[in-house]
Structure formats: structure tokens, C-alpha cells
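Notes for the one structure printed next.
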There are 2 protein chains.
Amino acid sequence: MDKRNHLIETALALFVENGFHGTATARIAKEAGVANGTLFQYFKTKEELILAVFVSVKGELAAFLAADKTTGGVKEVMMAQYSGSIKWCLKHVAKYRYIQQFYSSPYIHLMDQAELRRYIEPHLQLVEEGIRTKAIKALDIDLVYQLFSTQTFGIVQYLINNKGKKQKEVIETTFQMLWDMIKIK
Amino acid sequence: MDKRNHLIETALALFVENGFHGTATARIAKEAGVANGTLFQYFKTKEELILAVFVSVKGELAAFLAADKTTGGVKEVMMAQYSGSIKWCLKHVAKYRYIQQFYSSPYIHLMDQAELRRYIEPHLQLVEEGIRTKAIKALDIDLVYQLFSTQTFGIVQYLINNKGKKQKEVIETTFQMLWDMIKIK
DNA sequence: TAATTTTGTGACTGATTAGTCAGTCTTAAA
DNA sequence: TTTAAGACTGACTAATCAGTCACAAAATTA
């Protein structure tokens, strides 16, 4: 792995474990096996590194979801995205936590709002298609997306807290409930 | 207001604005109008202050919800809790943000798990009653609470991002959707 | 009022931090 | 093999930090 990505991976793990300011740049460099100064060749400031980790993680999740080839109606595609998101988060718990931590931190304001919106654009389009084809209730698109997205991450949290539960069953049951909530009867 | 609470209020605002480690204890003391050393008379360490802010805010919200006198079936009480939570968060946005920030930070691990659970106990009991009286689907109680809770905070976020929307309407519509999702048909 | 206790003060400190820079090492082209 | 450019190094620094402490002020009791 190239040094830049290795620094990002190391920073991710330490930031999740110790928080942003609880993690010294020197510690990141050391654990990544490079010199202190090398870190600052790849990232001008610590803040730039914090942002870079977020962009990397968000991009990874977006790419993973975009790679899904599920066809069919809005419901089928939405189920695939829901299930895919949850499984990805459970497979990469630190990355899931980083997203949550970054979103609820003041650093989120450093992200370009338009760029943030680009990440969710495919989801918004899917909702829009659902409404257009009269599969989904004619609600505000952002509202439907918010319900979809919060439930997705909420179920991830539930499955992290309740390891024993049958994942597949929970995912399927809760998706059906979510769908019943937004579909036109 | 007594000094301790004033320090908590000041710390809350600064932590939300600048993050935990982005806020120096000296700055908190200064903005609260007390000497540096006074802060450490009320809180032995910065960490203790961070926890105290969380306990204070969580307690405030819990007390506000406990004060609700709504009677009737599980649905009516649940609607009151849903609506009450959302309105309280919108009225105290910084406190809402602090809760989110604290929950997604590593500091959450410093909180006693049993104490955390005590905060949500009334909600769990309400869900349990709903299931017992066959109003709510016989799902895992924690799962139902997770769905309820994530949607509550999700709608708060939506209403913060979309100030123009009619709050009352959004709250009522989304509660009905949530209820339809968990109720027995 | 005087004595005692409680509360508040802010200059100070040792430790830690993000970021720098003068110089070394690696790579690959000439 | 020589040379040049870029990658890498880590000791260093100026700034900042959490927390202390000797003392002062205020409140309480006698």
C-alpha cells in the first residue's frame, strides 16, 4: 500500500480509538512506520488529514454501493442499497464509526456542502424515481432520504450492540418495515 | 445561576463549536467569567467536565420528557414522547448536538453502561407495554426502541437542515409513518 | 468584631503539541 | 558510474495545554 493510504488507514484507527485531538500526529506517523515530517509531506496540516480520511472512507462506501448491479424496481434496488450499506458498515466498523464521529464533530463544516451532497445524489435520484413511478409516497425527497439513511445507520448500531442477532433476518425485516412506511399502499 | 452550572453551559457551547480538544479549559473558565483554577475546583479534570456536561444535558431531556402528563394508549404516549423530544432538541440545538457529538466520540466509553440504560428505561417499558397489549409487533424491544430513537433524532436533523418546513406537520406525518411501521395491523 | 472556614484567584510549570527544516537516502535517468 | 531530483528523516521549536499552588477574598460562625 502506498504511504498516503497507509497514513490514512492508521489515522482512521487512532482517531476512532482516541478522538481527533486525543491523537497526536507524531503517534500516527510512528504507527504508520514513517517519520514525523513525512506525514506533513502528504498532508499540509492535521486538519487536512482529518478531512482526507473522511473523503477516503465516504468514497469507499460510495464506490462499493455504486458497484452493485441489482436491477428491478425501486424497491429491489433500495433493498440492495440498504442491505449493502449495513453489511459494509459491519465489515468496516471503524470506518462506520469514523463517519459518525466526523459528521457529529465541528469538522463537518470544513467539508464542501456540494461535495457532501454529491455522495447522496444517487440515493436522492432513487427516491425521486420511486415517487415519480408512484411506488413511494409523494413526500419531500430529502425527508424520505433522511428516514432511509437514519434507519440504515440505526440498524448498524443495533447490530453492533446485539451481536447475537441473526443479521440477515433483522436486515430483511426492518427493510420491509421501512418500505411499508414509505410505499404507497 | 450557580458557578458549576454556568461552567457546564459555557463548556457545552464551546465544545459544540470547537470540539472537545479544540476547547482549552482556560478558554472555558475565561468565557464563564471565573479564574482558571476555579474550574478545577468544580471538576477535577477536563474529562470529568466533559462527562458532567453530558450527564446534565441527558438529565435535562429526561426530566423534560418525564414531566409530560399525556395519558391514553401506548400510541398517544409515544407520540407525546416523539414530539416532545423533537421540540426539545430544536429548542436546544446545542444540547442536541452535544449529545450526538458525545455519543459518537470515544468519551462515551467512560459512561457507565447501566446509567446510560437508565435514561432509556422509560422508553423501553413503553415499548414493552405496547407489545404486551398487542398494539406493537412482537419484535425485540431494543430493536423497536432503536428504530424509534434513530427516527426521532433523524427528524431533528432534517428539521435543522430544512428550517422552512412546517414542523408540526412533519412531526405528525412522520410519527404516523413510524407508528404504522411498528403497530400490529 | 474577630476568628475560622470556604471559595476563588491567576501566575506558573512540566508535558505535549503541530509543524519546520537542514540534511540524508533512494531512485532512475544520463 | 555520475548526477540530479524528489522522497524521506527526526531533532528541533515556539506555542499551547491541563492542572497546581500559595495566597486573597468572601462568607460564615463565634
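Labels for the C-alpha cells follow display order: chains A, B, ..., residues from 1 in each chain, ligands from 1.
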
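The interface of chain C with chain A at 9 Å, considering only C-alpha atoms (C1' of nucleotides), consists of DT17, DA18, DG19 and DT20 of chain C.
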
Give me, as a Markdown table, each residue of chain D that comes within 10 Å of chain B, together with its shortest interatomic pair and the distance in Å at one decimal, counting only C-alpha atoms (C1' of nucleotides), with rows ordered by chain and rising residue number.
```
| residue | atom | partner | partner_atom | distance |
| --- | --- | --- | --- | --- |
| D:DT16 | C1' | B:Ala24 | CA | 9.0 |
| D:DC17 | C1' | B:Ala24 | CA | 7.1 |
| D:DA18 | C1' | B:Thr25 | CA | 7.4 |
| D:DG19 | C1' | B:Phe40 | CA | 7.8 |
| D:DT20 | C1' | B:Gly37 | CA | 8.4 |
| D:DC21 | C1' | B:Gly37 | CA | 9.6 |
```

Could you list the residues in chain A lying within 6 Å of chain B, using only C-alpha atoms, and format the result as a PDB file with N, CA and C atoms, in the first residue's frame?
```pdb
ATOM      1  N   HIS A  21      -8.347  15.026  18.670  1.00  0.00           N
ATOM      2  CA  HIS A  21      -7.277  15.729  19.377  1.00  0.00           C
ATOM      3  C   HIS A  21      -6.599  14.832  20.387  1.00  0.00           C
ATOM      4  N   GLN A 101     -18.488   9.877  13.778  1.00  0.00           N
ATOM      5  CA  GLN A 101     -17.712  10.814  14.597  1.00  0.00           C
ATOM      6  C   GLN A 101     -17.453  12.111  13.842  1.00  0.00           C
ATOM      7  N   SER A 104     -20.691  14.255  13.401  1.00  0.00           N
ATOM      8  CA  SER A 104     -21.172  14.976  14.595  1.00  0.00           C
ATOM      9  C   SER A 104     -20.118  15.878  15.208  1.00  0.00           C
ATOM     10  N   SER A 105     -18.995  16.053  14.499  1.00  0.00           N
ATOM     11  CA  SER A 105     -17.953  16.946  15.001  1.00  0.00           C
ATOM     12  C   SER A 105     -18.011  18.280  14.265  1.00  0.00           C
ATOM     13  N   THR A 150     -31.179   7.386   8.208  1.00  0.00           N
ATOM     14  CA  THR A 150     -31.061   7.222   9.657  1.00  0.00           C
ATOM     15  C   THR A 150     -31.392   5.797  10.071  1.00  0.00           C
ATOM     16  N   GLY A 154     -28.960   3.374  11.993  1.00  0.00           N
ATOM     17  CA  GLY A 154     -29.513   2.930  13.276  1.00  0.00           C
ATOM     18  C   GLY A 154     -29.459   1.421  13.410  1.00  0.00           C
ATOM     19  N   MET A 177     -40.244  -3.216   6.866  1.00  0.00           N
ATOM     20  CA  MET A 177     -40.947  -2.216   7.678  1.00  0.00           C
ATOM     21  C   MET A 177     -40.730  -0.816   7.122  1.00  0.00           C
ATOM     22  N   MET A 181     -43.437   1.713   5.306  1.00  0.00           N
ATOM     23  CA  MET A 181     -43.599   3.064   5.841  1.00  0.00           C
ATOM     24  C   MET A 181     -43.669   4.101   4.727  1.00  0.00           C
TER      25      MET A 181
END
```

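Atom pair CA of Met79 in chain B / CA of Lys183 in chain B has a distance of 12.9 Å (rounded to one decimal).
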
Show which residues sit within 8 Å of Ala62 in chain A, as a list in words. Count only C-alpha atoms (C1' of nucleotides), and ignore same-chain residues fewer than 4 positions away.
Lys58, Ala66 and Tyr119 of chain A

Just list the residues in range 22-88 of chain A DSSP gives alpha helix (DSSP H) on the backbone, as a PyMOL selection string.
chain A and resi 25-32+36-42+46-66+74-88

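Neighbouring residues of Gly130 in chain A at 9 Å or closer, counting only C-alpha atoms (C1' of nucleotides) and skipping chain neighbours under 5 positions away, are A:Gly73, A:Val74, A:Lys75, A:Gln125, A:Ala135, A:Ile136, A:Lys137, A:Lys183.
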